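start-v4.txt (compact mmCIF, C-alpha atoms) appears below.
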# COMPACT_ATOMS: atom_id res chain seq x y z
CA MET A 1 120.95 33.32 56.84
CA ARG A 2 118.98 31.07 59.19
CA CYS A 3 116.57 32.86 61.54
CA ASP A 4 113.44 32.21 63.61
CA THR A 5 110.82 34.33 61.85
CA ILE A 6 110.50 36.40 58.72
CA TRP A 7 107.88 39.11 58.18
CA LYS A 8 107.61 39.65 54.43
CA ASP A 9 105.64 41.90 52.06
CA ALA A 10 105.70 44.77 54.54
CA ARG A 11 106.17 48.50 54.38
CA LEU A 12 108.54 49.65 57.08
CA ALA A 13 108.76 52.82 59.13
CA THR A 14 112.21 52.00 60.46
CA MET A 15 112.56 55.27 62.46
CA VAL A 16 116.27 55.19 61.64
CA GLY A 17 117.82 58.60 61.05
CA ASP A 18 115.98 61.90 61.36
CA GLY A 19 112.66 61.01 59.73
CA ILE A 20 110.40 57.98 59.47
CA GLY A 21 112.82 55.86 57.45
CA VAL A 22 110.32 54.50 54.94
CA VAL A 23 111.01 51.22 53.13
CA GLU A 24 108.20 50.47 50.68
CA ARG A 25 109.10 46.86 49.85
CA GLY A 26 110.43 45.67 53.15
CA ILE A 27 111.20 42.53 55.09
CA ILE A 28 112.20 41.84 58.69
CA ALA A 29 114.01 38.77 59.95
CA ALA A 30 114.53 37.94 63.62
CA SER A 31 116.37 35.37 65.68
CA ASP A 32 116.40 34.88 69.46
CA GLY A 33 114.26 37.96 69.98
CA LYS A 34 116.50 40.30 68.00
CA ILE A 35 116.27 41.73 64.51
CA VAL A 36 118.89 40.31 62.16
CA TYR A 37 117.71 42.19 59.09
CA ALA A 38 115.24 45.01 58.46
CA GLY A 39 115.16 46.72 55.13
CA ALA A 40 114.41 46.42 51.45
CA VAL A 41 113.65 42.93 50.23
CA ASP A 42 115.88 43.50 47.21
CA ASP A 43 118.88 44.10 49.49
CA ALA A 44 118.20 41.25 51.90
CA PRO A 45 120.69 38.42 52.30
CA GLY A 46 119.48 34.88 51.72
CA LEU A 47 116.99 34.34 54.54
CA ASP A 48 115.47 31.10 55.74
CA ALA A 49 113.10 30.59 58.67
CA PRO A 50 110.59 27.96 59.85
CA ARG A 51 108.02 30.73 60.35
CA VAL A 52 107.19 33.21 57.60
CA VAL A 53 104.48 35.83 58.14
CA ASP A 54 102.94 37.50 55.09
CA CYS A 55 102.11 41.07 56.13
CA GLU A 56 100.15 41.67 52.92
CA GLY A 57 101.48 45.18 52.48
CA ARG A 58 100.82 46.35 56.05
CA TRP A 59 103.04 48.89 57.78
CA ILE A 60 105.45 47.87 60.52
CA THR A 61 106.82 50.29 63.09
CA PRO A 62 108.93 49.61 66.14
CA GLY A 63 106.82 48.62 69.12
CA LEU A 64 105.56 51.77 70.81
CA ILE A 65 107.18 52.98 74.04
CA ASP A 66 105.33 54.91 76.77
CA CYS A 67 108.23 56.56 78.60
CA HIS A 68 106.34 58.39 81.40
CA THR A 69 103.49 56.78 83.36
CA HIS A 70 102.16 56.45 86.88
CA LEU A 71 100.30 53.21 86.18
CA ILE A 72 100.55 51.91 89.75
CA HIS A 73 98.25 53.69 92.18
CA GLY A 74 95.20 53.23 94.36
CA GLY A 75 91.81 54.87 93.80
CA ASP A 76 90.93 57.65 91.38
CA ARG A 77 90.41 61.42 91.50
CA ALA A 78 87.14 61.87 89.63
CA ALA A 79 85.87 64.14 92.43
CA GLU A 80 88.79 66.51 91.85
CA PHE A 81 87.98 66.53 88.15
CA GLU A 82 84.57 67.92 89.09
CA MET A 83 86.27 70.54 91.30
CA ARG A 84 88.39 71.67 88.37
CA LEU A 85 85.29 71.94 86.22
CA ASP A 86 83.97 74.33 88.86
CA GLY A 87 87.10 76.45 88.56
CA ALA A 88 89.56 75.12 91.14
CA SER A 89 93.19 75.00 89.99
CA TYR A 90 95.54 72.03 90.33
CA GLU A 91 97.55 73.98 92.91
CA GLN A 92 94.45 74.94 94.94
CA ILE A 93 93.32 71.31 95.06
CA ALA A 94 96.79 70.15 96.14
CA ARG A 95 97.04 72.74 98.91
CA THR A 96 93.69 71.66 100.41
CA GLY A 97 94.66 68.01 100.83
CA GLY A 98 93.79 66.75 97.37
CA GLY A 99 96.09 65.98 94.51
CA ILE A 100 98.96 63.56 95.02
CA VAL A 101 98.33 63.23 98.77
CA SER A 102 94.78 62.06 98.05
CA THR A 103 96.13 59.25 95.88
CA MET A 104 98.76 58.55 98.55
CA ARG A 105 96.05 57.63 101.04
CA ALA A 106 94.37 55.23 98.61
CA THR A 107 97.69 53.70 97.59
CA ARG A 108 98.83 53.14 101.17
CA ALA A 109 95.55 51.31 101.82
CA ALA A 110 96.19 48.82 98.98
CA ASN A 111 98.46 45.78 99.04
CA GLU A 112 100.81 44.71 96.26
CA ALA A 113 98.34 42.30 94.66
CA GLU A 114 95.62 44.95 94.65
CA LEU A 115 97.95 47.50 93.06
CA VAL A 116 98.89 45.03 90.31
CA ALA A 117 95.25 44.10 89.68
CA SER A 118 94.15 47.72 89.39
CA ALA A 119 97.02 48.57 87.03
CA LEU A 120 96.51 45.68 84.62
CA PRO A 121 93.47 47.16 82.80
CA ARG A 122 95.43 50.36 82.20
CA LEU A 123 98.42 48.37 80.98
CA ASP A 124 96.19 46.22 78.76
CA ALA A 125 94.82 49.34 77.06
CA LEU A 126 98.37 50.42 76.19
CA ILE A 127 99.38 46.95 74.99
CA ALA A 128 96.29 46.81 72.76
CA GLU A 129 97.66 49.83 70.87
CA GLY A 130 101.06 48.34 70.17
CA VAL A 131 103.01 49.36 73.28
CA THR A 132 105.86 46.96 74.01
CA THR A 133 107.78 48.97 76.64
CA VAL A 134 106.33 51.09 79.44
CA GLU A 135 107.92 53.13 82.22
CA VAL A 136 106.19 53.01 85.62
CA LYS A 137 106.93 55.40 88.48
CA SER A 138 106.39 55.11 92.21
CA GLY A 139 105.55 58.31 94.09
CA TYR A 140 102.13 57.69 95.59
CA GLY A 141 103.37 55.89 98.71
CA LEU A 142 105.64 58.62 100.08
CA ASP A 143 106.93 56.29 102.77
CA ARG A 144 109.46 53.47 102.74
CA GLU A 145 107.01 50.58 102.83
CA THR A 146 104.58 51.77 100.16
CA GLU A 147 107.21 53.10 97.76
CA ILE A 148 108.88 49.69 97.81
CA CYS A 149 105.49 48.01 97.43
CA MET A 150 104.71 50.15 94.37
CA LEU A 151 107.99 49.30 92.71
CA ARG A 152 107.52 45.59 93.41
CA ALA A 153 104.05 45.84 91.87
CA ALA A 154 105.50 47.60 88.82
CA ARG A 155 108.11 44.88 88.38
CA ARG A 156 105.37 42.24 88.60
CA LEU A 157 103.55 43.72 85.61
CA SER A 158 106.18 42.26 83.29
CA SER A 159 105.49 38.77 84.64
CA GLU A 160 101.74 39.24 84.17
CA ARG A 161 101.93 40.52 80.58
CA PRO A 162 104.37 40.25 77.64
CA VAL A 163 105.75 43.77 78.02
CA SER A 164 109.01 45.38 79.15
CA VAL A 165 108.69 47.56 82.26
CA ALA A 166 111.21 50.21 83.29
CA THR A 167 110.73 51.34 86.89
CA THR A 168 111.45 54.79 88.33
CA PHE A 169 111.68 55.78 92.00
CA LEU A 170 109.71 59.02 92.47
CA GLY A 171 109.70 59.34 96.25
CA ALA A 172 110.18 63.12 95.89
CA HIS A 173 106.74 63.52 94.32
CA ALA A 174 104.91 65.31 97.15
CA LEU A 175 105.35 65.94 100.86
CA PRO A 176 103.45 63.42 103.00
CA PRO A 177 101.43 64.70 105.96
CA GLU A 178 103.80 63.23 108.55
CA TYR A 179 106.55 65.52 107.24
CA ALA A 180 104.38 68.64 106.88
CA GLY A 181 106.56 71.74 107.04
CA ASP A 182 109.83 69.81 106.94
CA ALA A 183 110.59 68.86 103.34
CA ASP A 184 114.32 68.77 104.03
CA ALA A 185 113.85 66.03 106.62
CA TYR A 186 111.71 64.06 104.18
CA VAL A 187 114.36 64.32 101.45
CA THR A 188 116.99 63.20 103.97
CA MET A 189 114.89 60.13 104.76
CA LEU A 190 114.51 59.34 101.05
CA CYS A 191 118.23 59.74 100.37
CA ASP A 192 119.57 57.98 103.47
CA GLU A 193 117.01 55.23 104.05
CA VAL A 194 114.62 54.55 101.19
CA LEU A 195 116.79 54.93 98.09
CA PRO A 196 119.64 52.76 99.42
CA GLU A 197 117.21 49.92 100.11
CA ILE A 198 115.49 50.27 96.74
CA ALA A 199 118.87 50.23 95.00
CA ALA A 200 120.01 47.18 96.97
CA LEU A 201 116.82 45.35 96.00
CA GLY A 202 117.25 46.29 92.33
CA LEU A 203 113.74 47.74 92.15
CA ALA A 204 114.47 50.97 90.28
CA ASP A 205 116.04 51.72 86.91
CA ALA A 206 116.07 55.50 87.48
CA VAL A 207 115.25 58.24 90.00
CA ASP A 208 112.80 61.09 89.38
CA ALA A 209 111.55 64.12 91.34
CA PHE A 210 108.87 66.81 91.06
CA CYS A 211 110.73 70.14 91.04
CA GLU A 212 107.96 72.67 91.49
CA GLY A 213 106.51 75.20 93.94
CA ILE A 214 104.09 72.55 95.23
CA GLY A 215 106.79 69.91 95.00
CA PHE A 216 110.48 70.19 95.84
CA THR A 217 113.03 72.97 95.50
CA PRO A 218 116.06 72.78 93.21
CA PRO A 219 118.44 72.21 96.19
CA GLN A 220 116.24 69.36 97.45
CA THR A 221 116.07 67.93 93.94
CA GLU A 222 119.84 68.13 93.63
CA ARG A 223 120.17 66.11 96.83
CA MET A 224 118.02 63.40 95.27
CA PHE A 225 120.17 63.46 92.13
CA SER A 226 123.38 63.17 94.15
CA ALA A 227 121.95 60.23 96.07
CA ALA A 228 120.95 58.55 92.80
CA ALA A 229 124.51 58.98 91.50
CA ARG A 230 125.91 57.31 94.60
CA HIS A 231 123.85 54.25 93.74
CA GLY A 232 124.63 54.30 90.03
CA LEU A 233 121.10 55.23 88.97
CA PRO A 234 120.32 57.69 86.15
CA VAL A 235 117.93 60.57 86.80
CA LYS A 236 115.02 62.33 85.16
CA LEU A 237 112.79 65.18 86.31
CA HIS A 238 109.28 66.60 86.31
CA ALA A 239 110.29 70.15 85.44
CA GLU A 240 108.82 73.51 84.48
CA GLN A 241 105.21 72.30 84.43
CA LEU A 242 103.63 75.08 86.51
CA SER A 243 106.50 77.56 86.83
CA ASN A 244 110.15 77.97 85.94
CA LEU A 245 112.44 76.86 88.75
CA HIS A 246 115.21 76.02 86.25
CA GLY A 247 114.79 72.35 87.01
CA ALA A 248 115.51 71.30 83.43
CA ALA A 249 118.93 72.97 83.51
CA LEU A 250 119.62 71.30 86.85
CA ALA A 251 118.59 67.93 85.43
CA ALA A 252 120.77 68.45 82.36
CA HIS A 253 123.73 69.34 84.59
CA HIS A 254 123.32 65.89 86.16
CA GLY A 255 123.12 64.19 82.76
CA ALA A 256 119.41 63.42 83.10
CA LEU A 257 117.83 61.02 80.66
CA SER A 258 114.85 63.34 80.30
CA ALA A 259 113.12 66.43 81.61
CA ASP A 260 109.34 66.14 81.39
CA HIS A 261 106.37 68.54 80.96
CA LEU A 262 108.38 71.75 80.22
CA GLU A 263 105.59 74.25 79.55
CA PHE A 264 107.63 76.98 81.33
CA LEU A 265 111.04 75.93 79.98
CA ASP A 266 113.32 78.85 79.04
CA GLU A 267 116.26 79.28 76.67
CA THR A 268 118.81 78.52 79.39
CA GLY A 269 117.15 75.20 80.11
CA ILE A 270 116.92 74.37 76.41
CA ALA A 271 120.62 75.09 75.88
CA ALA A 272 121.54 72.93 78.87
CA MET A 273 119.39 70.05 77.62
CA ALA A 274 120.88 70.31 74.12
CA ALA A 275 124.40 70.19 75.53
CA SER A 276 123.71 67.15 77.72
CA GLY A 277 121.54 65.19 75.30
CA THR A 278 118.64 65.23 77.74
CA VAL A 279 115.34 64.31 76.06
CA ALA A 280 112.34 66.66 76.29
CA THR A 281 109.39 64.43 77.16
CA LEU A 282 106.17 66.27 76.39
CA LEU A 283 102.91 65.22 78.02
CA PRO A 284 99.98 66.61 76.03
CA GLY A 285 97.43 64.59 78.01
CA ALA A 286 98.25 66.57 81.16
CA TYR A 287 98.36 69.83 79.20
CA TYR A 288 94.87 69.09 77.88
CA PHE A 289 93.38 67.74 81.10
CA VAL A 290 94.38 70.65 83.35
CA ARG A 291 93.49 73.12 80.57
CA GLU A 292 96.96 74.62 80.44
CA THR A 293 97.37 77.52 78.01
CA ARG A 294 101.13 77.92 77.91
CA LEU A 295 102.68 75.73 75.23
CA PRO A 296 106.08 74.08 75.62
CA PRO A 297 108.67 75.93 73.52
CA ILE A 298 108.52 73.51 70.59
CA GLU A 299 110.26 75.71 68.00
CA ALA A 300 113.14 76.49 70.34
CA LEU A 301 113.56 72.79 71.20
CA ARG A 302 113.64 71.97 67.49
CA ALA A 303 116.13 74.71 66.74
CA ALA A 304 118.43 73.49 69.50
CA GLY A 305 118.21 69.88 68.34
CA VAL A 306 116.75 68.60 71.61
CA PRO A 307 115.12 65.20 70.99
CA ILE A 308 111.38 65.21 71.75
CA ALA A 309 109.52 62.25 73.24
CA LEU A 310 105.80 61.89 73.89
CA ALA A 311 104.12 59.91 76.68
CA THR A 312 100.71 59.42 78.27
CA ASP A 313 101.69 60.55 81.79
CA CYS A 314 98.92 58.09 82.77
CA ASN A 315 97.96 59.12 86.32
CA PRO A 316 94.73 59.53 88.29
CA GLY A 317 94.89 63.29 88.79
CA THR A 318 96.07 65.14 85.73
CA SER A 319 96.19 62.65 82.84
CA PRO A 320 93.95 59.57 83.22
CA LEU A 321 94.97 58.59 79.70
CA THR A 322 95.82 55.11 78.40
CA SER A 323 96.14 55.74 74.65
CA LEU A 324 99.52 56.47 73.13
CA LEU A 325 97.81 56.83 69.74
CA LEU A 326 95.71 59.69 71.13
CA VAL A 327 98.86 61.20 72.62
CA MET A 328 100.34 61.38 69.13
CA ASN A 329 97.23 63.13 67.85
CA MET A 330 97.39 65.57 70.76
CA GLY A 331 101.07 66.15 70.08
CA ALA A 332 100.18 67.15 66.53
CA THR A 333 97.02 69.15 67.20
CA LEU A 334 97.95 70.86 70.47
CA PHE A 335 101.73 71.17 70.10
CA ARG A 336 101.92 71.28 66.28
CA LEU A 337 104.42 68.44 66.06
CA THR A 338 104.87 66.81 62.67
CA VAL A 339 103.89 63.21 61.92
CA ALA A 340 107.56 62.23 61.93
CA GLU A 341 108.12 63.96 65.29
CA CYS A 342 105.11 62.22 66.83
CA LEU A 343 106.22 58.80 65.64
CA ALA A 344 109.79 59.41 66.78
CA GLY A 345 108.39 60.60 70.10
CA VAL A 346 106.89 57.20 70.90
CA THR A 347 109.69 55.08 69.42
CA ARG A 348 113.35 56.09 69.15
CA ASN A 349 113.19 59.21 71.36
CA ALA A 350 111.05 57.46 73.96
CA ALA A 351 113.67 54.70 74.10
CA ARG A 352 116.35 57.33 74.55
CA ALA A 353 114.35 58.94 77.38
CA LEU A 354 114.58 55.60 79.20
CA GLY A 355 118.23 54.99 78.37
CA LEU A 356 117.27 51.91 76.31
CA ALA A 357 119.54 51.85 73.29
CA ASP A 358 118.42 48.35 72.28
CA ARG A 359 114.98 49.36 70.93
CA GLY A 360 112.97 52.10 69.22
CA THR A 361 114.10 51.50 65.64
CA LEU A 362 113.91 48.69 63.10
CA GLU A 363 117.52 47.70 62.45
CA ALA A 364 119.79 44.73 62.94
CA GLY A 365 120.79 44.14 66.55
CA LYS A 366 117.74 45.80 68.08
CA ARG A 367 115.04 43.98 70.03
CA CYS A 368 112.37 42.53 67.81
CA ASP A 369 109.54 44.61 69.25
CA LEU A 370 107.15 45.40 66.40
CA ALA A 371 103.73 46.89 65.79
CA ILE A 372 101.99 45.87 62.56
CA TRP A 373 99.27 48.26 61.38
CA ASP A 374 96.27 48.16 59.05
CA VAL A 375 96.91 51.63 57.61
CA GLU A 376 97.72 53.02 54.18
CA ARG A 377 100.28 55.53 55.43
CA PRO A 378 102.01 56.23 58.78
CA ALA A 379 100.20 59.57 59.10
CA GLU A 380 97.00 57.64 59.92
CA LEU A 381 98.51 56.64 63.26
CA VAL A 382 98.62 60.33 64.21
CA TYR A 383 95.53 61.52 62.32
CA ARG A 384 92.81 59.28 63.74
CA MET A 385 91.17 59.66 67.15
CA GLY A 386 89.49 56.80 69.00
CA PHE A 387 90.45 54.29 66.33
CA ASN A 388 92.94 51.47 66.79
CA PRO A 389 94.36 50.03 63.55
CA LEU A 390 96.76 47.58 65.25
CA HIS A 391 96.87 44.27 63.35
CA ALA A 392 99.51 42.49 65.43
CA ARG A 393 102.03 43.21 68.19
CA ILE A 394 105.36 41.42 68.46
CA TRP A 395 107.32 41.46 71.71
CA SER A 396 110.82 40.02 71.74
CA GLY A 397 110.13 38.21 68.48
CA GLN A 398 106.92 36.57 69.73

If you convert what's in this file into structure tokens, what do you get?
Amino acid sequence: MRCDTIWKDARLATMVGDGIGVVERGIIAASDGKIVYAGAVDDAPGLDAPRVVDCEGRWITPGLIDCHTHLIHGGDRAAEFEMRLDGASYEQIARTGGGIVSTMRATRAANEAELVASALPRLDALIAEGVTTVEVKSGYGLDRETEICMLRAARRLSSERPVSVATTFLGAHALPPEYAGDADAYVTMLCDEVLPEIAALGLADAVDAFCEGIGFTPPQTERMFSAAARHGLPVKLHAEQLSNLHGAALAAHHGALSADHLEFLDETGIAAMAASGTVATLLPGAYYFVRETRLPPIEALRAAGVPIALATDCNPGTSPLTSLLLVMNMGATLFRLTVAECLAGVTRNAARALGLADRGTLEAGKRCDLAIWDVERPAELVYRMGFNPLHARIWSGQ
């Protein structure tokens, strides 16, 4: 079999099946950016390529996927961090003009080029740890012009760096000051004016909302979901982070790709997610940063067979985190996930949370997005903190 590149003498964590999918004496062959063979060298067909890379026994995983970020934004919220250290809650800060609305003002003041430039260092930190696909949400503009500007900036990231970017329209993130006291009118504007234009421009791959007491009600969220369906866009949801408004069950009813956060998720929501195949995306960086004490219902999610993804939730207010490796460690130490669950959470389940069936595992037909690691066992990727063992990163075979 003729191909472009062969990676030989490797140990593979294929992430195929329920576990890690270990292949001790492995080889990967790729052509035109896709894997044509990944498996045991003894079972490989006759392979020939002009480029052969000797991995010298290193481990290869699928390229990592960060399936929930807010990489595009203006400013920072370090001052609010100090307020929280003094005892203020996230909700108290939001209700006094801080929180998302604070970032809204800084984001509206920035142009597209400035938003791209400020996001690139955050993106570079993720890429340096083996990330090959990243989701980026809007939601800090909260008006037509800035939401579109944010999504254009997010799209531009993939032309600035060798990385795949999935974009999500999160207009229903917070209520802007000009709509104070009239959330229904704001949602109408999003559904009737902003979303149709974004869909026509092809700027969004999905639609998200923040269903919460300081965000939007379930009926308002359902209106966003119905509008997304009219434009052929899948949905996802920030749900059950601060309270239980049954947003996860609502999202599952609409076939959502994922429901994210989920600290206050109940059995009804879990059952609905299991029935719909909706991924539970857990965000331990936010849990840690806001000093939450209520754990997501990990055992119940496991028992129901709900797939679990992990993500940085990189954002200026509640998770200024740009390390997916640290997220895996947090997933293990804070949420008691296993090594296999953590690795699946940033590969195959993260791909599923984005609706990307063409990546997340090492098998023929998938994108050749790889991370090659200087480790003795996959558990090291979850075990270490502040240490990056990435040897090489391959995006689309390059």

Query - Contacts of Tyr179 (chain A) within 12 Å, all atoms listed in the file, excl. fewer than 3 positions in-chain, as a list in words - result: Leu142, Asp143, Ala174, Leu175, Pro176, Asp182, Ala183, Asp184, Ala185, Tyr186, Val187, Thr188, Met189 and Leu190 of chain A

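The residue that comes closest to Gly57 (chain A), out of A:Ala274, A:Ala379, A:Ala206, A:Ile27 and on the basis of all atoms listed in the file, is A:Ile27.
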
Query raised in the report: With only C-alpha atoms as the basis for distance, which of A:Leu324, A:Ala153, A:Cys368, A:Leu343 is at the shortest distance from Gly386 (chain A)?
Result: A:Leu324

Report task. Could you pull out every residue with an atom within 10 Å of (112.5, 36.8, 58.9), file coordinates, counting all atoms listed in the file, and send them as a VMD selection string? Result -> chain A and resid 1 to 8 27 to 31 35 to 38 47 to 53 397

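Among the candidates A:Arg156, A:Glu267, A:Gly39, A:Thr133, the one nearest to Val22 (chain A) when counting all atoms listed in the file is A:Gly39.
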
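Nearest-residue note for Val290 (chain A): choosing from A:Thr61, A:Asn111, A:Ser158, A:Ser319, the minimum distance belongs to A:Ser319, counting only C-alpha atoms.
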
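Minimum atom-to-atom distance to Val163 (chain A), evaluated using only C-alpha atoms, belongs to A:Ile65 out of A:Leu337, A:Ile65, A:Ala311, A:Ala110.
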
Report summary line: Ala10 (chain A) proximity check over A:Arg161, A:Arg58, A:Lys236, A:Lys34, using all atoms listed in the file: winner is A:Arg58

Query raised in the report: Which protein, DNA or RNA residues have an atom at most 8 Å from (109.6, 54.4, 66.9), counting all atoms listed in the file? List them as number ranges by chain.
Result: A: 13-15, 61-65, 343-350, 360-361

**Report entry** Atom-to-atom span, CA of Asp9 (chain A) and CA of Gly130 (chain A), Å
**Finding:** 19.8 Å

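For Leu12 (chain A), the list of residues within 7 Å, based on all atoms listed in the file and with local chain neighbours fewer than 5 positions off taken out, reads Val22, Val23, Glu24, Gly26, Trp59, Ile60 and Thr61 of chain A.
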
Requested in this report: Excluding Met83 (chain A) and any residue of its chain fewer than 2 positions from it, enumerate the residues within 12 Å of it, using all atoms listed in the file, and give them as JSON, numbers by chain.
Outcome: {"A": [77, 78, 79, 80, 81, 85, 86, 87, 88, 89, 90, 91, 92, 93, 94, 96, 98, 99, 290, 317]}

Include C-alpha atoms and write out the residues we just selected as a compact mmCIF listing (two decimals), keeping the file's coordinate frame.
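Output below, filename out-v3.txt:
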# COMPACT_ATOMS: atom_id res chain seq x y z
CA ARG A 77 90.41 61.42 91.50
CA ALA A 78 87.14 61.87 89.63
CA ALA A 79 85.87 64.14 92.43
CA GLU A 80 88.79 66.51 91.85
CA PHE A 81 87.98 66.53 88.15
CA LEU A 85 85.29 71.94 86.22
CA ASP A 86 83.97 74.33 88.86
CA GLY A 87 87.10 76.45 88.56
CA ALA A 88 89.56 75.12 91.14
CA SER A 89 93.19 75.00 89.99
CA TYR A 90 95.54 72.03 90.33
CA GLU A 91 97.55 73.98 92.91
CA GLN A 92 94.45 74.94 94.94
CA ILE A 93 93.32 71.31 95.06
CA ALA A 94 96.79 70.15 96.14
CA THR A 96 93.69 71.66 100.41
CA GLY A 98 93.79 66.75 97.37
CA GLY A 99 96.09 65.98 94.51
CA VAL A 290 94.38 70.65 83.35
CA GLY A 317 94.89 63.29 88.79

Query - Spatial neighbours of Trp395 (chain A), 7 Å, only C-alpha atoms, chain gap at least 3 places, as a PyMOL selection string - result: chain A and resi 132+162-163+368-370+398

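For the atom pair formed by CA of Pro121 (chain A) and CA of Leu71 (chain A), the distance is 9.7 Å, given to one decimal.
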